[in-house]
$ cat input.pdb   # PDB, C-alpha atoms
MODEL        1
ATOM      1  CA  MET A 256      29.224 109.638  68.922
ATOM      2  CA  ALA A 257      32.306 108.524  70.842
ATOM      3  CA  GLY A 258      32.117 105.034  69.380
ATOM      4  CA  SER A 259      31.548 105.989  65.739
ATOM      5  CA  LYS A 260      35.095 104.971  64.779
ATOM      6  CA  PHE A 261      34.501 101.546  66.320
ATOM      7  CA  ASP A 262      31.044 101.313  64.725
ATOM      8  CA  LYS A 263      32.604 101.672  61.282
ATOM      9  CA  MET A 264      35.366  99.168  62.015
ATOM     10  CA  ALA A 265      32.892  96.593  63.353
ATOM     11  CA  ALA A 266      30.485  97.081  60.455
ATOM     12  CA  ALA A 267      33.280  96.555  57.940
ATOM     13  CA  LYS A 268      34.030  93.172  59.515
ATOM     14  CA  GLU A 269      30.377  92.319  60.191
ATOM     15  CA  GLN A 270      31.106  92.214  63.940
ATOM     16  CA  LYS A 271      29.368  93.525  67.035
ATOM     17  CA  TYR A 272      30.836  95.077  70.150
ATOM     18  CA  TYR A 273      29.534  96.432  73.401
ATOM     19  CA  PHE A 274      30.950  98.710  76.071
ATOM     20  CA  ILE A 275      30.603  97.738  79.706
ATOM     21  CA  PHE A 276      31.099 100.462  82.291
ATOM     22  CA  VAL A 277      31.397  99.565  85.962
ATOM     23  CA  HIS A 278      32.615 101.275  89.101
ATOM     24  CA  GLU A 279      35.819  99.809  90.443
ATOM     25  CA  ASP A 280      34.161  98.904  93.713
ATOM     26  CA  GLY A 281      33.169  95.469  94.986
ATOM     27  CA  ASP A 282      29.573  95.711  93.759
ATOM     28  CA  GLY A 283      30.557  96.711  90.234
ATOM     29  CA  LEU A 284      33.201  94.029  89.924
ATOM     30  CA  HIS A 285      30.842  91.403  91.344
ATOM     31  CA  LYS A 286      28.209  92.296  88.741
ATOM     32  CA  LEU A 287      30.827  92.133  86.004
ATOM     33  CA  SER A 288      31.908  88.661  87.157
ATOM     34  CA  GLU A 289      28.250  87.550  87.010
ATOM     35  CA  ILE A 290      27.939  88.797  83.431
ATOM     36  CA  PHE A 291      31.008  86.769  82.391
ATOM     37  CA  ALA A 292      29.897  83.718  84.394
ATOM     38  CA  GLU A 293      26.535  83.717  82.615
ATOM     39  CA  ASN A 294      28.377  83.759  79.263
ATOM     40  CA  LYS A 295      26.690  86.972  78.211
ATOM     41  CA  VAL A 296      30.058  88.264  77.058
ATOM     42  CA  GLU A 297      32.531  86.442  74.884
ATOM     43  CA  ALA A 298      36.069  87.745  74.923
ATOM     44  CA  ALA A 299      38.242  87.404  71.847
ATOM     45  CA  VAL A 300      41.504  85.773  72.920
ATOM     46  CA  ASP A 301      44.366  86.204  70.472
ATOM     47  CA  GLY A 302      47.002  84.317  72.377
ATOM     48  CA  VAL A 303      48.059  82.872  75.709
ATOM     49  CA  PHE A 304      51.680  83.248  76.775
ATOM     50  CA  SER A 305      53.564  81.812  79.735
ATOM     51  CA  LEU A 306      55.231  84.178  82.166
ATOM     52  CA  ASN A 307      58.563  83.171  80.619
ATOM     53  CA  ASP A 308      57.324  84.519  77.257
ATOM     54  CA  VAL A 309      56.042  87.858  78.573
ATOM     55  CA  ASN A 310      58.419  89.778  76.279
ATOM     56  CA  LYS A 311      57.039  87.979  73.208
ATOM     57  CA  ALA A 312      53.503  88.855  74.317
ATOM     58  CA  LEU A 313      54.415  92.508  74.824
ATOM     59  CA  GLN A 314      56.100  92.651  71.414
ATOM     60  CA  LYS A 315      52.992  91.205  69.757
ATOM     61  CA  VAL A 316      50.736  93.784  71.394
ATOM     62  CA  ALA A 317      53.156  96.661  70.666
ATOM     63  CA  SER A 318      53.359  95.673  66.993
ATOM     64  CA  GLY A 319      49.592  95.986  66.606
ATOM     65  CA  GLY A 320      49.324  92.361  65.546
ATOM     66  CA  SER A 321      46.817  91.276  68.188
ATOM     67  CA  LYS A 322      43.257  90.524  67.140
ATOM     68  CA  GLY A 323      41.967  90.030  70.669
ATOM     69  CA  LYS A 324      43.158  89.842  74.220
ATOM     70  CA  THR A 325      46.703  88.725  74.905
ATOM     71  CA  ILE A 326      46.865  86.702  78.107
ATOM     72  CA  ILE A 327      49.851  86.023  80.354
ATOM     73  CA  LYS A 328      49.353  82.728  82.179
ATOM     74  CA  ILE A 329      50.916  82.674  85.630
TER      75      ILE A 329
ENDMDL
END
$ encode --input "input.pdb" --output "structure tokens"
Amino acid sequence: MAGSKFDKMAAAKEQKYYFIFVHEDGDGLHKLSEIFAENKVEAAVDGVFSLNDVNKALQKVASGGSKGKTIIKI
């Protein structure tokens, strides 16, 4: 029920998505790192920005123009 909006958006673009819920403790974060390490989850990366371009990255996200994760490389 809570994800019905996202179900419709994904279906329109013939995409799939999954929610992952973990506790913010060491065990939960360790399990999450294992899931990513085993390539069971593929993150959509929209762009990678240097720390010097952090304002450009924030503007892109604020404008709603991102189609994935925006990453700041330090």
$ residues_around --input "input.pdb" --residues "A:Tyr273" --least-positions-apart "4" --cutoff "12 Å" --atoms "only C-alpha atoms" --output "list in words"
Gly258, Phe261, Asp262, Ala265, Lys295, Val296, Glu297 and Ala298 of chain A
$ write_last_selection --input "input.pdb" --atoms "C-alpha atoms" --output "PDB file, keeping the file's coordinate frame"
ATOM      1  CA  GLY A 258      32.117 105.034  69.380  1.00  0.00           C
ATOM      2  CA  PHE A 261      34.501 101.546  66.320  1.00  0.00           C
ATOM      3  CA  ASP A 262      31.044 101.313  64.725  1.00  0.00           C
ATOM      4  CA  ALA A 265      32.892  96.593  63.353  1.00  0.00           C
ATOM      5  CA  LYS A 295      26.690  86.972  78.211  1.00  0.00           C
ATOM      6  CA  VAL A 296      30.058  88.264  77.058  1.00  0.00           C
ATOM      7  CA  GLU A 297      32.531  86.442  74.884  1.00  0.00           C
ATOM      8  CA  ALA A 298      36.069  87.745  74.923  1.00  0.00           C
TER       9      ALA A 298
END
$ atom_distance --input "input.pdb" --atom1 "atom CA of A:Glu279" --atom2 "atom CA of A:Lys328"
23.3 Å
$ atom_distance --input "input.pdb" --atom1 "atom CA of A:Lys271" --atom2 "atom CA of A:Gly319"
20.4 Å
$ atom_distance --input "input.pdb" --atom1 "atom CA of A:Phe291" --atom2 "atom CA of A:Ser321"
21.7 Å
$ closest_residue --input "input.pdb" --among "A:Gly302, A:Phe274, A:Asn294, A:Asp308" --to "A:Lys324" --atoms "only C-alpha atoms"
A:Gly302
$ residues_around --input "input.pdb" --residues "A:Ala312" --least-positions-apart "6" --cutoff "8 Å" --atoms "all atoms listed in the file" --output "list in words"
Phe304, Thr325, Ile326 and Ile327 of chain A
